>>> print(open('coords27.txt').read())   # compact mmCIF, C-alpha atoms and all ligand atoms
# COMPACT_ATOMS: atom_id res chain seq x y z
CA MET A 1 -5.45 -2.27 20.71
CA ILE A 2 -2.23 -2.50 22.70
CA THR A 3 -3.65 -3.52 26.08
CA ARG A 4 -1.88 -3.81 29.46
CA ASP A 5 -1.99 -7.52 28.96
CA TYR A 6 0.01 -7.32 25.73
CA ILE A 7 2.50 -4.87 27.24
CA GLU A 8 3.28 -7.30 30.05
CA LYS A 9 3.92 -10.03 27.53
CA PHE A 10 6.10 -7.77 25.35
CA GLY A 11 8.33 -7.36 28.42
CA VAL A 12 10.11 -10.67 27.95
CA LEU A 13 10.51 -10.51 24.15
CA PRO A 14 13.66 -9.40 22.32
CA THR A 15 13.18 -6.11 20.46
CA PRO A 16 12.66 -4.66 17.93
CA PHE A 17 9.68 -6.53 16.49
CA TYR A 18 6.53 -5.87 14.54
CA PHE A 19 3.44 -6.65 16.55
CA TYR A 20 0.41 -7.50 14.44
CA ASP A 21 -2.95 -7.36 16.15
CA LEU A 22 -5.00 -9.94 14.25
CA ASP A 23 -8.27 -8.80 15.83
CA VAL A 24 -7.74 -5.35 14.32
CA LEU A 25 -6.95 -6.86 10.93
CA LYS A 26 -10.00 -9.11 11.14
CA SER A 27 -12.33 -6.23 11.97
CA THR A 28 -10.84 -4.12 9.18
CA LEU A 29 -11.39 -6.95 6.70
CA GLU A 30 -14.98 -7.35 7.89
CA VAL A 31 -15.73 -3.67 7.29
CA LEU A 32 -14.08 -3.82 3.88
CA LYS A 33 -16.00 -6.98 2.98
CA LYS A 34 -19.29 -5.41 4.00
CA GLU A 35 -18.63 -2.35 1.86
CA SER A 36 -17.58 -4.43 -1.13
CA VAL A 37 -20.71 -6.58 -0.90
CA LYS A 38 -22.89 -3.51 -0.51
CA THR A 39 -21.45 -1.71 -3.54
CA GLY A 40 -20.55 -4.71 -5.69
CA PHE A 41 -16.99 -3.39 -6.05
CA LYS A 42 -14.22 -5.92 -6.48
CA ILE A 43 -11.22 -5.60 -4.14
CA HIS A 44 -7.64 -6.44 -5.06
CA TYR A 45 -5.39 -6.02 -2.02
CA ALA A 46 -2.11 -4.28 -2.91
CA LEU A 47 0.45 -6.77 -1.64
CA LYS A 48 3.29 -4.33 -1.52
CA ALA A 49 1.87 -2.73 1.62
CA ASN A 50 2.47 -5.92 3.59
CA PRO A 51 3.25 -9.33 2.07
CA ASN A 52 3.64 -11.17 5.38
CA PRO A 53 2.34 -14.70 4.67
CA ARG A 54 -0.02 -14.87 7.67
CA ILE A 55 -1.53 -11.54 6.80
CA LEU A 56 -1.89 -12.57 3.16
CA GLY A 57 -3.59 -15.77 4.30
CA MET A 58 -6.21 -13.84 6.24
CA ILE A 59 -6.83 -11.45 3.36
CA SER A 60 -7.17 -14.21 0.77
CA SER A 61 -9.55 -16.14 3.06
CA SER A 62 -11.74 -13.05 3.15
CA GLY A 63 -12.30 -13.58 -0.56
CA PHE A 64 -10.33 -10.65 -1.93
CA GLY A 65 -8.08 -10.61 -4.99
CA ALA A 66 -4.49 -9.34 -5.16
CA ASP A 67 -2.71 -6.44 -6.84
CA CYS A 68 0.94 -7.35 -7.42
CA VAL A 69 3.90 -5.35 -8.70
CA SER A 70 6.46 -8.13 -9.18
CA TRP A 71 6.53 -11.80 -10.06
CA ASN A 72 7.69 -12.61 -6.54
CA GLU A 73 4.57 -10.90 -5.21
CA ILE A 74 2.42 -12.94 -7.59
CA GLU A 75 4.10 -16.12 -6.35
CA ALA A 76 3.61 -15.07 -2.72
CA ALA A 77 -0.04 -14.31 -3.42
CA ILE A 78 -0.66 -17.69 -5.05
CA ARG A 79 1.16 -19.46 -2.19
CA SER A 80 -1.08 -17.65 0.29
CA GLY A 81 -4.27 -18.81 -1.36
CA PHE A 82 -5.13 -16.06 -3.83
CA ASN A 83 -6.58 -17.44 -7.05
CA PRO A 84 -4.49 -16.46 -10.13
CA SER A 85 -7.75 -15.50 -11.83
CA GLU A 86 -8.06 -12.75 -9.20
CA ILE A 87 -4.53 -11.36 -9.49
CA VAL A 88 -3.64 -8.19 -11.38
CA PHE A 89 -0.07 -7.33 -12.28
CA ALA A 90 0.89 -3.65 -12.23
CA GLY A 91 4.20 -1.81 -12.41
CA VAL A 92 6.06 0.47 -14.77
CA GLY A 93 8.99 -1.92 -15.33
CA LYS A 94 7.91 -5.53 -15.65
CA SER A 95 10.87 -7.70 -16.71
CA ASP A 96 10.71 -10.37 -19.44
CA HIS A 97 10.98 -13.13 -16.88
CA GLU A 98 8.16 -11.65 -14.81
CA ILE A 99 5.89 -11.27 -17.83
CA ARG A 100 6.59 -14.81 -19.07
CA SER A 101 5.83 -16.30 -15.63
CA ALA A 102 2.67 -14.24 -15.21
CA VAL A 103 1.40 -15.32 -18.64
CA GLU A 104 2.06 -18.95 -17.67
CA SER A 105 0.06 -18.48 -14.45
CA ASP A 106 -3.03 -17.18 -16.28
CA ILE A 107 -3.46 -14.16 -14.05
CA PHE A 108 -6.53 -11.99 -14.43
CA CYS A 109 -4.99 -8.88 -15.98
CA PHE A 110 -1.83 -6.94 -16.79
CA ASN A 111 -2.08 -3.25 -16.03
CA CYS A 112 0.02 -1.75 -18.82
CA GLU A 113 1.90 1.52 -18.71
CA SER A 114 3.47 1.90 -22.19
CA ILE A 115 3.35 0.65 -25.79
CA PRO A 116 6.80 -1.02 -25.55
CA GLU A 117 5.55 -2.96 -22.51
CA MET A 118 2.41 -4.02 -24.39
CA GLU A 119 4.59 -5.26 -27.26
CA VAL A 120 6.64 -7.43 -24.92
CA ILE A 121 3.54 -8.87 -23.21
CA ASN A 122 2.04 -9.56 -26.65
CA HIS A 123 5.25 -11.35 -27.67
CA PHE A 124 5.35 -13.67 -24.64
CA ALA A 125 1.61 -14.35 -24.81
CA GLY A 126 2.09 -15.30 -28.48
CA LEU A 127 4.88 -17.75 -27.61
CA GLN A 128 2.42 -19.51 -25.29
CA ASN A 129 -0.45 -19.27 -27.77
CA LYS A 130 -2.49 -17.26 -25.34
CA ARG A 131 -4.51 -14.09 -25.43
CA VAL A 132 -4.06 -12.15 -22.21
CA ARG A 133 -6.22 -9.46 -20.69
CA ILE A 134 -4.78 -6.00 -20.26
CA ALA A 135 -5.96 -2.73 -18.77
CA LEU A 136 -4.37 0.61 -19.58
CA ARG A 137 -2.98 2.48 -16.62
CA ILE A 138 -3.77 6.07 -17.40
CA ASN A 139 -2.15 9.04 -15.72
CA PRO A 140 -5.20 10.99 -14.48
CA LEU A 141 -3.26 14.26 -14.01
CA ILE A 142 -4.65 14.84 -10.55
CA GLU A 143 -2.78 16.36 -7.63
CA ALA A 144 -3.13 13.96 -4.70
CA HIS A 145 -2.20 16.48 -1.98
CA THR A 146 0.05 13.97 -0.28
CA HIS A 147 3.86 13.76 0.03
CA LYS A 148 5.53 14.19 -3.38
CA TYR A 149 7.25 10.80 -3.16
CA ILE A 150 3.86 9.08 -2.97
CA THR A 151 2.15 11.23 -5.58
CA THR A 152 1.84 9.30 -8.81
CA GLY A 153 -0.84 10.89 -10.97
CA VAL A 154 0.73 14.17 -12.11
CA ALA A 155 2.29 15.04 -15.49
CA GLU A 156 5.94 14.59 -14.48
CA SER A 157 5.26 11.18 -12.92
CA LYS A 158 6.83 8.04 -14.42
CA PHE A 159 3.56 6.17 -13.91
CA GLY A 160 0.78 5.58 -16.40
CA ILE A 161 0.03 6.50 -19.99
CA ASN A 162 -0.63 10.18 -20.61
CA THR A 163 -4.10 10.95 -21.94
CA TRP A 164 -2.67 12.50 -25.13
CA ASP A 165 -0.97 9.16 -25.94
CA ILE A 166 -4.03 6.91 -25.56
CA ASP A 167 -5.06 7.46 -29.16
CA GLU A 168 -1.74 6.05 -30.34
CA VAL A 169 -2.15 3.08 -27.96
CA LEU A 170 -5.59 2.25 -29.38
CA ASN A 171 -4.26 2.55 -32.94
CA ARG A 172 -1.50 0.09 -32.09
CA LEU A 173 -3.77 -2.48 -30.37
CA PRO A 174 -5.18 -4.22 -33.48
CA ASP A 175 -1.60 -5.38 -34.32
CA LEU A 176 -1.15 -6.83 -30.86
CA LYS A 177 -3.31 -9.87 -31.46
CA ASN A 178 -2.48 -11.64 -28.21
CA LEU A 179 -3.79 -8.80 -26.05
CA ILE A 180 -7.42 -8.17 -25.08
CA LEU A 181 -8.17 -4.72 -23.74
CA ILE A 182 -10.63 -5.10 -20.86
CA GLY A 183 -10.35 -1.90 -18.89
CA ILE A 184 -8.68 1.22 -17.63
CA HIS A 185 -6.68 1.61 -14.46
CA PHE A 186 -5.69 4.59 -12.29
CA HIS A 187 -3.75 5.23 -9.12
CA VAL A 188 -3.49 8.83 -7.96
CA GLY A 189 -1.13 8.35 -5.04
CA SER A 190 -1.08 7.09 -1.49
CA GLN A 191 -2.18 8.32 1.97
CA ILE A 192 -4.85 10.49 0.34
CA THR A 193 -6.77 12.18 3.13
CA ARG A 194 -8.95 14.49 1.04
CA LEU A 195 -11.83 12.55 -0.44
CA SER A 196 -12.23 15.40 -2.96
CA VAL A 197 -9.16 13.99 -4.71
CA PHE A 198 -11.09 10.80 -5.41
CA LYS A 199 -14.02 12.87 -6.57
CA SER A 200 -11.77 14.54 -9.15
CA LEU A 201 -10.69 11.08 -10.23
CA CYS A 202 -14.34 10.07 -10.76
CA THR A 203 -14.85 13.11 -13.00
CA ARG A 204 -11.75 12.22 -15.01
CA ILE A 205 -12.96 8.62 -15.35
CA ASN A 206 -16.34 9.75 -16.68
CA GLU A 207 -14.66 11.99 -19.26
CA LEU A 208 -12.40 9.16 -20.38
CA GLN A 209 -15.36 6.77 -20.56
CA GLU A 210 -16.98 9.11 -23.10
CA TRP A 211 -13.77 9.19 -25.07
CA PHE A 212 -13.38 5.38 -25.13
CA ALA A 213 -17.04 4.98 -26.09
CA SER A 214 -16.54 7.37 -29.01
CA ARG A 215 -13.72 5.06 -30.19
CA ASN A 216 -15.99 2.01 -29.75
CA ALA A 217 -13.58 0.53 -27.22
CA GLY A 218 -15.71 -1.49 -24.81
CA LEU A 219 -14.41 -1.48 -21.26
CA LYS A 220 -15.48 -4.06 -18.70
CA VAL A 221 -13.28 -2.95 -15.83
CA ILE A 222 -12.82 0.46 -14.27
CA ASN A 223 -10.00 0.18 -11.74
CA VAL A 224 -9.52 3.18 -9.45
CA GLY A 225 -6.35 1.91 -7.73
CA GLY A 226 -5.62 2.47 -4.06
CA GLY A 227 -4.61 5.42 -1.95
CA LEU A 228 -7.19 5.71 0.86
CA ALA A 229 -5.47 7.21 3.90
CA ILE A 230 -5.30 5.97 7.45
CA ASP A 231 -5.35 8.17 10.55
CA TYR A 232 -1.77 8.11 11.83
CA GLU A 233 -2.70 10.42 14.69
CA ASN A 234 -5.38 8.03 16.00
CA PRO A 235 -4.29 4.42 15.50
CA GLU A 236 -7.62 3.20 16.92
CA ASN A 237 -9.56 4.71 14.00
CA PHE A 238 -10.64 2.56 11.08
CA PRO A 239 -10.09 3.84 7.54
CA LYS A 240 -13.11 5.57 6.00
CA PHE A 241 -14.08 2.71 3.69
CA GLY A 242 -17.78 3.59 3.90
CA GLU A 243 -17.43 7.22 2.82
CA TYR A 244 -14.87 6.33 0.15
CA PHE A 245 -16.97 3.57 -1.41
CA SER A 246 -20.15 5.66 -1.30
CA LEU A 247 -18.33 8.46 -3.10
CA LEU A 248 -17.14 6.11 -5.83
CA LYS A 249 -20.60 4.62 -6.13
CA LYS A 250 -22.17 8.04 -6.45
CA PHE A 251 -19.71 9.71 -8.81
CA VAL A 252 -18.40 7.03 -11.19
CA ASP A 253 -20.92 6.56 -14.02
CA LEU A 254 -20.61 2.83 -14.60
CA ARG A 255 -22.07 1.57 -17.87
CA PRO A 256 -24.08 -1.65 -18.16
CA GLY A 257 -21.95 -4.71 -17.44
CA GLN A 258 -19.02 -2.72 -16.07
CA GLU A 259 -17.24 -3.61 -12.82
CA LEU A 260 -15.50 -1.20 -10.50
CA HIS A 261 -12.24 -2.46 -8.99
CA VAL A 262 -10.42 -0.99 -5.99
CA GLU A 263 -6.86 -1.74 -4.84
CA PRO A 264 -6.45 -0.75 -1.20
CA GLY A 265 -3.11 -1.48 0.46
CA ARG A 266 -2.29 0.81 3.37
CA SER A 267 -5.88 1.07 4.56
CA VAL A 268 -6.20 -2.72 4.91
CA VAL A 269 -3.10 -3.40 7.00
CA GLY A 270 -1.84 -0.08 8.36
CA GLN A 271 -3.60 0.01 11.72
CA CYS A 272 -3.01 -3.62 12.71
CA GLY A 273 0.76 -3.23 13.05
CA SER A 274 3.05 -1.51 15.56
CA LEU A 275 6.81 -1.52 15.73
CA ILE A 276 7.86 -2.30 19.30
CA SER A 277 11.32 -1.33 20.47
CA ARG A 278 13.32 -0.53 23.59
CA VAL A 279 15.13 2.62 24.55
CA LEU A 280 18.88 2.01 24.53
CA TYR A 281 20.08 5.38 25.75
CA ILE A 282 18.95 8.86 26.62
CA LYS A 283 21.44 11.43 25.43
CA ASN A 284 21.42 15.20 25.86
CA GLY A 285 21.81 17.21 22.66
CA SER A 286 22.47 20.95 22.49
CA ASN A 287 18.80 21.86 22.85
CA THR A 288 17.03 18.53 22.83
CA ARG A 289 17.13 15.14 24.44
CA PHE A 290 17.54 12.09 22.24
CA ALA A 291 15.74 8.85 23.02
CA ILE A 292 17.88 6.35 21.09
CA LEU A 293 15.89 3.20 20.21
CA ASP A 294 17.00 -0.26 19.19
CA ALA A 295 14.67 0.08 16.16
CA GLY A 296 15.80 2.21 13.26
CA MET A 297 15.09 3.21 9.68
CA THR A 298 16.05 -0.31 8.59
CA ASP A 299 12.95 -1.56 10.42
CA LEU A 300 10.62 1.32 9.49
CA ILE A 301 11.87 3.67 6.80
CA ARG A 302 8.76 5.81 6.28
CA PRO A 303 9.81 8.75 8.49
CA ALA A 304 13.28 8.87 6.87
CA LEU A 305 11.98 8.31 3.34
CA TYR A 306 8.96 10.60 3.27
CA GLN A 307 8.91 12.51 6.50
CA ALA A 308 6.02 10.34 7.59
CA HIS A 309 4.45 10.87 10.96
CA HIS A 310 3.72 7.93 13.28
CA LYS A 311 2.27 8.17 16.74
CA ILE A 312 4.89 7.14 19.28
CA GLN A 313 4.00 5.86 22.74
CA ASN A 314 6.09 4.96 25.76
CA LEU A 315 4.34 1.80 26.94
CA THR A 316 6.11 1.51 30.29
CA SER A 317 6.59 4.97 31.75
CA THR A 318 3.97 7.05 33.51
CA GLY A 319 6.36 9.85 34.49
CA GLU A 320 6.13 13.56 33.79
CA LEU A 321 5.93 14.71 30.19
CA ASN A 322 9.16 15.77 28.53
CA ARG A 323 10.34 16.59 25.01
CA TYR A 324 12.42 14.10 23.03
CA ASP A 325 13.82 13.47 19.60
CA VAL A 326 13.18 9.79 19.00
CA VAL A 327 15.94 8.32 16.86
CA GLY A 328 17.33 4.97 15.73
CA PRO A 329 20.86 3.55 15.88
CA VAL A 330 21.60 3.60 12.12
CA CYS A 331 24.46 5.72 10.77
CA GLU A 332 22.27 8.26 8.94
CA SER A 333 20.96 11.56 10.24
CA SER A 334 17.60 10.82 8.64
CA ASP A 335 17.28 7.83 11.00
CA THR A 336 14.85 9.86 13.10
CA PHE A 337 11.31 8.75 13.94
CA ALA A 338 10.10 12.05 15.39
CA ARG A 339 11.49 15.38 16.59
CA TYR A 340 10.54 17.29 19.68
CA ILE A 341 7.61 15.14 20.77
CA GLU A 342 6.21 14.79 24.25
CA LEU A 343 6.68 11.49 26.04
CA PRO A 344 6.45 10.61 29.71
CA GLU A 345 9.91 10.65 31.36
CA THR A 346 11.78 8.08 29.28
CA LYS A 347 14.72 5.92 30.36
CA ARG A 348 16.87 3.04 29.21
CA GLY A 349 14.83 -0.16 28.86
CA ASP A 350 11.44 1.49 28.33
CA LEU A 351 9.22 -0.12 25.70
CA ILE A 352 8.29 2.19 22.85
CA ALA A 353 5.48 1.54 20.35
CA ILE A 354 5.54 3.18 16.93
CA ARG A 355 1.93 2.87 15.86
CA SER A 356 0.13 2.42 12.53
CA ALA A 357 3.15 0.61 11.12
CA GLY A 358 1.39 -2.32 9.46
CA ALA A 359 1.73 -0.87 5.95
CA TYR A 360 5.05 -0.17 4.23
CA GLY A 361 6.86 -1.09 7.46
CA GLU A 362 8.05 -4.68 7.53
CA ALA A 363 7.64 -4.69 3.74
CA MET A 364 10.34 -2.03 3.34
CA ALA A 365 12.77 -3.33 5.96
CA SER A 366 16.40 -3.64 4.91
CA ARG A 367 19.66 -4.97 6.24
CA TYR A 368 21.61 -1.71 5.95
CA ASN A 369 24.46 -1.66 8.50
CA LEU A 370 24.03 -5.45 8.39
CA ARG A 371 21.29 -5.14 10.94
CA ASP A 372 18.93 -8.08 11.45
CA LEU A 373 15.53 -7.84 9.82
CA PRO A 374 12.82 -7.04 12.40
CA ARG A 375 11.12 -9.98 14.08
CA VAL A 376 7.39 -10.47 13.89
CA VAL A 377 4.95 -11.31 16.71
CA PHE A 378 1.24 -11.98 16.18
CA SER A 379 -1.31 -11.21 18.86
CA ASP A 380 -2.49 -14.82 19.02
CA GLU A 381 1.02 -16.02 19.84
CA LEU A 382 1.07 -14.14 23.12
C1 LIG B 1 0.68 1.12 -4.21
C2 LIG B 1 -0.46 0.84 -5.07
C3 LIG B 1 -1.71 0.59 -4.51
C4 LIG B 1 -1.99 0.64 -3.03
O1 LIG B 1 -1.87 1.92 -2.55
P1 LIG B 1 -2.28 2.27 -1.03
O2 LIG B 1 -2.01 3.71 -0.93
O3 LIG B 1 -1.40 1.46 -0.15
O4 LIG B 1 -3.71 1.94 -0.87
C5 LIG B 1 -2.75 0.28 -5.38
N1 LIG B 1 -2.56 0.25 -6.71
C6 LIG B 1 -1.37 0.50 -7.28
C7 LIG B 1 -1.24 0.43 -8.74
C8 LIG B 1 -0.28 0.81 -6.49
O5 LIG B 1 0.89 1.08 -7.05
>>> encode(input="coords27.txt", output="C-alpha cells", more="lines below")
Ligand SMILES: *Cc1c(COP(=O)(O)O)cnc(C)c1O
Amino acid sequence: MITRDYIEKFGVLPTPFYFYDLDVLKSTLEVLKKESVKTGFKIHYALKANPNPRILGMISSSGFGADCVSWNEIEAAIRSGFNPSEIVFAGVGKSDHEIRSAVESDIFCFNCESIPEMEVINHFAGLQNKRVRIALRINPLIEAHTHKYITTGVAESKFGINTWDIDEVLNRLPDLKNLILIGIHFHVGSQITRLSVFKSLCTRINELQEWFASRNAGLKVINVGGGLAIDYENPENFPKFGEYFSLLKKFVDLRPGQELHVEPGRSVVGQCGSLISRVLYIKNGSNTRFAILDAGMTDLIRPALYQAHHKIQNLTSTGELNRYDVVGPVCESSDTFARYIELPETKRGDLIAIRSAGAYGEAMASRYNLRDLPRVVFSDEL
C-alpha cells in the first residue's frame, strides 16, 4: 500500500526509484506458504522475475527453492540463502561454463530442452564422476492466451522438447550414464489470467504420464512451471494462489510417491514493487498532452517490450481529471508507459507511481542512453 505517509517521505528522495513494500511481499509469501503446506506442492521461485538480494533473502527464509536460468542466478540464489539441493536450472541455452559450475554445486535438477544439451550435461557430469538429476522440459502445445512474446508452449516456440521427439530422447538416455531422469517440466507462458489454460496443462500432463508409464519411465517430479497472472488493474489484489493450487490439486493425477513442483515468479513479487518517478515536463502534442517522466523504458521495459499495462497514479495532484500520454525520456518512440489515460491535472515535479512493477522491472533495467540504473528503496528504510 502506498500510504500518505510513504508519499511524504518519497518527496525528498531522488527519482526514479523502485519502491518495494516489504509488508506486501511478506503477506504474499505467507499466502503462498499456506497454500504450499496445504497441498504439499514444492515451490521454486523463478529468480528472473526479481533477483534483488533483499527480496531473495526474504523468499529463501520462507523456505522456498529457486528456479534459475543462468549460472549467475544460481550464484545469487546460493548467496541469498537458497540451498543448492533446492535449485533447479532451466533455460534453452545453457553454456558449458554454466553447466560445469552447476554440476560442481550439486544443484537439485537440470531442466533439459534438447538431446544435444543432455549430451553436454552428461559429459561434464562424467568429468566430475557424478550422476546428475534431469527433468525433460516438454512443450505442452497449449495456447496461453497472453502476449505472444510471453507465450512459450506452442509449436513454433523455441522452448521445450516436442512430444513427438520424446521417444527419441528416451531411447538415447541409456547411453547417457551420468544422467538420472527424475521428472517432466512444463511452462506454458507468463501472465496467464485464464485458469482454464492451466486446466488444459493438467490434461496434457495426465496424457503424458500414461505415455511415460507405458515406457516404464518412473517419474518422481511433475513440474508445472510458472505463469500465474497478477492483477495489473488492481495493485492491491493478491494473486489467486488458492484457486490455482486447488485446480492443480484437483486435475493433476499424481501417482504414488510423485511430487508436484510449481515455479511462480511474477505472482510472488509483482505487487510489492512500484516505480516512482517525477514529471519533468508537460508538453502539448497535436491531439494529446505528454507527461514526460524522469523514468523511462530503461527502468521498466515491459510496456515498450510487450505492450504491458501498468496502473499509473499521480501521487501528489488532486486536480481535475485530464488525458495524458505518459512517456519517458529515452530516444525511442516505444518509450511510452501509457497512452491517453486519465490523471488529475499533472505538472512538473509531481510524483508518479507506476504500480505492480515488482516483477520483470528492476530485473530488466538497462543502461541504454547511458542512463543510471534505477535506485531501490525498501519500505522499512523510510
Ligand atoms: C519465467 C519462468 C517462470 C516464471 O514465470 P512467471 O510467469 O513469472 O511466474 C517459471 N518457470 C520457467 C521455466 C520460466 O521460464
>>> closest_residue(input="coords27.txt", among="A:Gly319, A:Gly242, A:Pro84, A:Gly91", to="Ile107 of chain A", atoms="only C-alpha atoms")
A:Pro84
>>> axis_aligned_box(input="coords27.txt", around="ligand LIG 1 (chain B)", padding_each_side="8 Å", output="AutoDock Vina command-line options")
--center_x -1.4 --center_y 2.0 --center_z -4.4 --size_x 20.6 --size_y 19.5 --size_z 24.6
>>> residues_around(input="coords27.txt", residues="Val262 of chain A", least_positions_apart="6", cutoff="9 Å", atoms="only C-alpha atoms", output="VMD selection string")
chain A and resid 41 to 45 222 to 226
>>> closest_residue(input="coords27.txt", among="A:Ile292, A:Leu179, A:Ala229, A:Val31", to="ligand LIG 1 (chain B)", atoms="all atoms listed in the file")
A:Ala229
>>> closest_residue(input="coords27.txt", among="A:Gly63, A:Gly11, A:Gly296, A:Pro264", to="ligand LIG 1 (chain B)", atoms="only C-alpha atoms and all ligand atoms")
A:Pro264
>>> residues_around(input="coords27.txt", residues="Ser267 of chain A", least_positions_apart="5", cutoff="10 Å", atoms="all atoms listed in the file", output="list of chain:residue names")
A:Thr28, A:Leu29, A:Leu32, A:Tyr45, A:Ala46, A:Ala49, A:Ser190, A:Gln191, A:Gly226, A:Gly227, A:Leu228, A:Ala229, A:Ile230, A:Asp231, A:Phe238, A:Pro239, A:Lys240, A:Phe241, A:Cys272, A:Gly358, A:Ala359
>>> atom_distance(input="coords27.txt", atom1="atom CA of Thr15 of chain A", atom2="atom CA of Val269 of chain A")
21.3 Å
>>> closest_residue(input="coords27.txt", among="A:Trp211, A:Phe159, A:Tyr244, A:Phe89", to="Glu73 of chain A", atoms="only C-alpha atoms")
A:Phe89
>>> atom_distance(input="coords27.txt", atom1="atom CA of Cys109 of chain A", atom2="atom CA of Lys34 of chain A")
24.8 Å
>>> residues_around(input="coords27.txt", residues="Val252 of chain A", least_positions_apart="5", cutoff="10 Å", atoms="only C-alpha atoms", output="list in words")
Lys199, Leu201, Cys202, Thr203, Arg204, Ile205, Asn206, Gln209, Ile222, Val224, Leu247 and Leu260 of chain A
>>> closest_residue(input="coords27.txt", among="A:Leu141, A:Leu293, A:Leu13, A:Leu22", to="Trp164 of chain A", atoms="all atoms listed in the file")
A:Leu141
>>> atom_distance(input="coords27.txt", atom1="atom CA of Asn162 of chain A", atom2="atom CA of Leu195 of chain A")
23.2 Å
>>> closest_residue(input="coords27.txt", among="A:Val197, A:Leu343, A:Glu8, A:Ile99", to="Met118 of chain A", atoms="only C-alpha atoms")
A:Ile99
>>> residues_around(input="coords27.txt", residues="Asp335 of chain A", least_positions_apart="2", cutoff="9 Å", atoms="only C-alpha atoms", output="ChimeraX atom specification")
/A:296-298,301,303-304,327-333,337
